[in-house]
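Asks: Sharing a structure with you now.
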Amino acid sequence: MLLEQFLQDAWRDHAHDVKGVATRLRGARELMTESAHVTPLTRLIVHVFGEHLGDWEGAQRELQRLSQHALSQHDDPAQSALRVANAALTCAQGKPIPPTGLTTEERISALCSGSAVALGRNELHQATDLFDAALALVQLGITGANSFHRPLAVAANNLASSLGEMVGRSPAQNALMLHAAQVSRVYWEKAGGWLEIERAEYMLAKSNLRAGQTSQARPHAIACLSICQANQAPDFELFFAHEMLATVARALNQREEFDRELAQAAAVFARLPADDQAACKGDLDALMVPG
């Protein structure tokens, strides 16, 4: 089996058979044929052993075995990925990352990865602290470095999403949710394409709505749809863009715009394949409920 297929199968299976995937991972390094395989394997090891199982020793043992593979030992990107993975496990457990041995970019990536692990383990306070630490390092200014852009964008998006799903958020939690959504938008501009930027605008609109800042949500909803239209986005993206504009219009009591966007969302929904319709039906039904 090719490692690429192994990784695809493992990501697909881990949600319903995490222990089985962990067992399979113990032999995955034997499938490596190039040093570029090290980085995706480290991510999967951290996610499965750390985030899902909380098996910190098992994770570190697998990373150690991976570091001893011939393809890992003399490759700088592979060694960097291993340093980041080990540091992410350390900070996800609430332990300080050693002050030396990592570049600033690696430290930022490790803090972001550790934040994701903590968030996945429902340790919101720890996840927030790690995210704030990563952002503080970024704000010190790093010239010519971009390897941290994507992990910071992902960490910020996940934090905003998790905070948004909390019931009874405090004003401070609302402020953090909005801040995280804004940071995600900034760094997806640096790390992603139009799709990631469009989804970041959607998250900003949704976060503002959740925080009760309805008027601030509208420009982000408009931007989300505009990006979709400019890039001939697939119907799945268009549906959610129209859904968000309809939701904002209803919150602002703009009945004519609400009716127009609801009709657009329904028309796009009708074009979706069955699997996508199943994913979108709840959001369309929510728009149909009188508000």
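Identifiers for the structure tokens are assigned positionally: chains receive A, B, ... in sequence, residues are indexed from 1 per chain, and ligands are indexed from 1 in the order shown.
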Could you make a table, as a tab-separated table, of the residues of range 180-243 of chain A that have an atom within 7 Å of an atom of range 258-279 of chain A, each with its nearest atom pair and distance in Å to one decimal, counting only C-alpha atoms, in chain and number order?

Replies:
residue	atom	partner	partner_atom	distance
A:Asp235	CA	A:Val268	CA	6.1
A:Phe236	CA	A:Asp276	CA	6.9
A:Phe239	CA	A:Ala265	CA	5.2
A:His242	CA	A:Ala265	CA	5.2
A:Glu243	CA	A:Ala265	CA	5.8

Asks: With 9 Å as the cut-off and only C-alpha atoms counted, what is the closest atom pair between each nearby residue of range 10-99 of chain A and range 112-125 of chain A? Distances in Å to one decimal, ordered by chain and number, as JSON lines.

Replies:
{"residue": "A:Arg43", "atom": "CA", "partner": "A:Ser113", "partner_atom": "CA", "distance": 8.8}
{"residue": "A:Val46", "atom": "CA", "partner": "A:Val117", "partner_atom": "CA", "distance": 7.9}
{"residue": "A:His47", "atom": "CA", "partner": "A:Val117", "partner_atom": "CA", "distance": 6.8}
{"residue": "A:Gly50", "atom": "CA", "partner": "A:Val117", "partner_atom": "CA", "distance": 6.8}
{"residue": "A:Glu51", "atom": "CA", "partner": "A:Val117", "partner_atom": "CA", "distance": 4.7}
{"residue": "A:His52", "atom": "CA", "partner": "A:Arg121", "partner_atom": "CA", "distance": 7.2}
{"residue": "A:Gly54", "atom": "CA", "partner": "A:Arg121", "partner_atom": "CA", "distance": 8.3}
{"residue": "A:Val84", "atom": "CA", "partner": "A:Ser113", "partner_atom": "CA", "distance": 8.3}
{"residue": "A:Ala85", "atom": "CA", "partner": "A:Ser113", "partner_atom": "CA", "distance": 7.8}
{"residue": "A:Ala87", "atom": "CA", "partner": "A:Gly114", "partner_atom": "CA", "distance": 7.9}
{"residue": "A:Ala88", "atom": "CA", "partner": "A:Gly114", "partner_atom": "CA", "distance": 4.4}
{"residue": "A:Leu89", "atom": "CA", "partner": "A:Gly114", "partner_atom": "CA", "distance": 6.2}
{"residue": "A:Thr90", "atom": "CA", "partner": "A:Gly114", "partner_atom": "CA", "distance": 7.8}
{"residue": "A:Cys91", "atom": "CA", "partner": "A:Gly114", "partner_atom": "CA", "distance": 5.8}
{"residue": "A:Ala92", "atom": "CA", "partner": "A:Gly114", "partner_atom": "CA", "distance": 4.5}
{"residue": "A:Gln93", "atom": "CA", "partner": "A:Ala118", "partner_atom": "CA", "distance": 7.9}

Asks: Would you put the residues from that selection into a file with all heavy atoms, as an mmCIF file, in the first residue's frame?

Replies:
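New file selection_38.cif:
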data_model
loop_
_atom_site.group_PDB
_atom_site.id
_atom_site.type_symbol
_atom_site.label_atom_id
_atom_site.label_comp_id
_atom_site.auth_asym_id
_atom_site.auth_seq_id
_atom_site.Cartn_x
_atom_site.Cartn_y
_atom_site.Cartn_z
ATOM 1 N N ARG A 43 1.763 14.580 11.862
ATOM 2 C CA ARG A 43 0.463 15.212 12.160
ATOM 3 C C ARG A 43 -0.568 14.186 12.572
ATOM 4 O O ARG A 43 -1.354 14.412 13.495
ATOM 5 C CB ARG A 43 -0.015 15.997 10.932
ATOM 6 C CG ARG A 43 0.810 17.243 10.638
ATOM 7 C CD ARG A 43 0.374 17.885 9.337
ATOM 8 N NE ARG A 43 1.185 19.065 9.032
ATOM 9 C CZ ARG A 43 1.372 19.544 7.822
ATOM 10 N NH1 ARG A 43 0.813 18.946 6.771
ATOM 11 N NH2 ARG A 43 2.120 20.616 7.617
ATOM 12 N N VAL A 46 0.225 12.842 16.141
ATOM 13 C CA VAL A 46 -0.177 13.800 17.184
ATOM 14 C C VAL A 46 -1.690 13.800 17.339
ATOM 15 O O VAL A 46 -2.223 13.812 18.462
ATOM 16 C CB VAL A 46 0.349 15.205 16.842
ATOM 17 C CG1 VAL A 46 -0.275 16.257 17.759
ATOM 18 C CG2 VAL A 46 1.868 15.248 16.973
ATOM 19 N N HIS A 47 -2.412 13.786 16.227
ATOM 20 C CA HIS A 47 -3.867 13.852 16.276
ATOM 21 C C HIS A 47 -4.473 12.602 16.917
ATOM 22 O O HIS A 47 -5.337 12.693 17.792
ATOM 23 C CB HIS A 47 -4.417 14.025 14.858
ATOM 24 C CG HIS A 47 -5.898 14.190 14.797
ATOM 25 N ND1 HIS A 47 -6.536 15.357 15.174
ATOM 26 C CD2 HIS A 47 -6.881 13.335 14.423
ATOM 27 C CE1 HIS A 47 -7.836 15.217 15.020
ATOM 28 N NE2 HIS A 47 -8.077 13.988 14.573
ATOM 29 N N GLY A 50 -2.366 11.792 20.555
ATOM 30 C CA GLY A 50 -2.488 12.888 21.498
ATOM 31 C C GLY A 50 -3.908 13.343 21.698
ATOM 32 O O GLY A 50 -4.493 13.190 22.779
ATOM 33 N N GLU A 51 -4.503 13.897 20.625
ATOM 34 C CA GLU A 51 -5.834 14.502 20.757
ATOM 35 C C GLU A 51 -6.914 13.485 21.092
ATOM 36 O O GLU A 51 -7.740 13.709 21.972
ATOM 37 C CB GLU A 51 -6.181 15.236 19.461
ATOM 38 C CG GLU A 51 -7.522 15.955 19.506
ATOM 39 C CD GLU A 51 -7.751 16.815 18.280
ATOM 40 O OE1 GLU A 51 -6.752 17.257 17.656
ATOM 41 O OE2 GLU A 51 -8.915 17.040 17.926
ATOM 42 N N HIS A 52 -6.921 12.359 20.391
ATOM 43 C CA HIS A 52 -8.012 11.398 20.597
ATOM 44 C C HIS A 52 -7.801 10.484 21.798
ATOM 45 O O HIS A 52 -8.737 10.234 22.566
ATOM 46 C CB HIS A 52 -8.211 10.556 19.337
ATOM 47 C CG HIS A 52 -9.026 11.235 18.284
ATOM 48 N ND1 HIS A 52 -10.401 11.228 18.265
ATOM 49 C CD2 HIS A 52 -8.653 11.973 17.211
ATOM 50 C CE1 HIS A 52 -10.843 11.915 17.228
ATOM 51 N NE2 HIS A 52 -9.796 12.383 16.575
ATOM 52 N N GLY A 54 -5.126 10.685 24.160
ATOM 53 C CA GLY A 54 -4.394 11.196 25.324
ATOM 54 C C GLY A 54 -3.252 10.280 25.720
ATOM 55 O O GLY A 54 -2.824 10.265 26.876
ATOM 56 N N VAL A 84 8.525 20.001 15.887
ATOM 57 C CA VAL A 84 7.228 20.656 16.103
ATOM 58 C C VAL A 84 6.239 19.697 16.742
ATOM 59 O O VAL A 84 5.513 20.060 17.683
ATOM 60 C CB VAL A 84 6.679 21.193 14.760
ATOM 61 C CG1 VAL A 84 5.208 21.607 14.903
ATOM 62 C CG2 VAL A 84 7.504 22.384 14.284
ATOM 63 N N ALA A 85 6.179 18.464 16.262
ATOM 64 C CA ALA A 85 5.234 17.485 16.806
ATOM 65 C C ALA A 85 5.513 17.197 18.270
ATOM 66 O O ALA A 85 4.590 17.154 19.098
ATOM 67 C CB ALA A 85 5.303 16.194 15.982
ATOM 68 N N ALA A 87 7.068 19.142 20.427
ATOM 69 C CA ALA A 87 6.764 20.341 21.210
ATOM 70 C C ALA A 87 5.265 20.532 21.355
ATOM 71 O O ALA A 87 4.777 20.971 22.404
ATOM 72 C CB ALA A 87 7.403 21.562 20.555
ATOM 73 N N ALA A 88 4.507 20.200 20.307
ATOM 74 C CA ALA A 88 3.047 20.312 20.383
ATOM 75 C C ALA A 88 2.481 19.393 21.460
ATOM 76 O O ALA A 88 1.581 19.774 22.225
ATOM 77 C CB ALA A 88 2.429 19.985 19.028
ATOM 78 N N LEU A 89 2.996 18.180 21.522
ATOM 79 C CA LEU A 89 2.549 17.250 22.571
ATOM 80 C C LEU A 89 2.888 17.783 23.960
ATOM 81 O O LEU A 89 2.113 17.647 24.904
ATOM 82 C CB LEU A 89 3.210 15.886 22.363
ATOM 83 C CG LEU A 89 2.776 15.101 21.127
ATOM 84 C CD1 LEU A 89 3.676 13.889 20.933
ATOM 85 C CD2 LEU A 89 1.318 14.655 21.244
ATOM 86 N N THR A 90 4.060 18.398 24.069
ATOM 87 C CA THR A 90 4.486 18.939 25.365
ATOM 88 C C THR A 90 3.550 20.039 25.837
ATOM 89 O O THR A 90 3.042 20.006 26.962
ATOM 90 C CB THR A 90 5.921 19.487 25.252
ATOM 91 O OG1 THR A 90 6.806 18.401 24.950
ATOM 92 C CG2 THR A 90 6.368 20.150 26.547
ATOM 93 N N CYS A 91 3.293 21.025 24.956
ATOM 94 C CA CYS A 91 2.475 22.150 25.411
ATOM 95 C C CYS A 91 1.001 21.771 25.540
ATOM 96 O O CYS A 91 0.286 22.345 26.357
ATOM 97 C CB CYS A 91 2.667 23.366 24.509
ATOM 98 S SG CYS A 91 2.142 23.176 22.797
ATOM 99 N N ALA A 92 0.540 20.789 24.763
ATOM 100 C CA ALA A 92 -0.840 20.340 24.902
ATOM 101 C C ALA A 92 -1.099 19.721 26.270
ATOM 102 O O ALA A 92 -2.231 19.703 26.760
ATOM 103 C CB ALA A 92 -1.189 19.344 23.808
ATOM 104 N N GLN A 93 -0.038 19.219 26.895
ATOM 105 C CA GLN A 93 -0.167 18.654 28.248
ATOM 106 C C GLN A 93 -0.034 19.719 29.337
ATOM 107 O O GLN A 93 -0.056 19.399 30.520
ATOM 108 C CB GLN A 93 0.909 17.598 28.461
ATOM 109 C CG GLN A 93 0.786 16.389 27.549
ATOM 110 C CD GLN A 93 1.956 15.439 27.721
ATOM 111 O OE1 GLN A 93 2.051 14.713 28.715
ATOM 112 N NE2 GLN A 93 2.865 15.433 26.753
#

Asks: Per DSSP on the backbone, what are the alpha helix (DSSP H) residues of range 140-285 of chain A, as JSON, numbers by chain?

Replies: {"A": [149, 150, 151, 152, 153, 154, 155, 156, 157, 158, 159, 160, 161, 162, 163, 164, 171, 172, 173, 174, 175, 176, 177, 178, 179, 180, 181, 182, 183, 184, 185, 186, 187, 188, 189, 190, 191, 194, 195, 196, 197, 198, 199, 200, 201, 202, 203, 204, 205, 206, 207, 208, 209, 210, 214, 215, 216, 217, 218, 219, 220, 221, 222, 223, 224, 225, 226, 227, 228, 229, 230, 235, 236, 237, 238, 239, 240, 241, 242, 243, 244, 245, 246, 247, 248, 249, 250, 251, 255, 256, 257, 258, 259, 260, 261, 262, 263, 264, 265, 266, 267, 268, 269, 270, 271, 274, 275, 276, 277, 278, 279, 280, 281, 282, 283, 284, 285]}

Asks: Between CA of Gln216 in chain A and CA of Leu204 in chain A, measure the distance and give it in Å to one decimal.

Replies: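 Computed distance, CA of Gln216 in chain A to CA of Leu204 in chain A, equals 9.0 Å.
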
Asks: Using CA of Ala155 in chain A and CA of Val38 in chain A as the two end points, give the distance in Å to one decimal.

Replies: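 CA of Ala155 in chain A sits 21.5 Å away from CA of Val38 in chain A.
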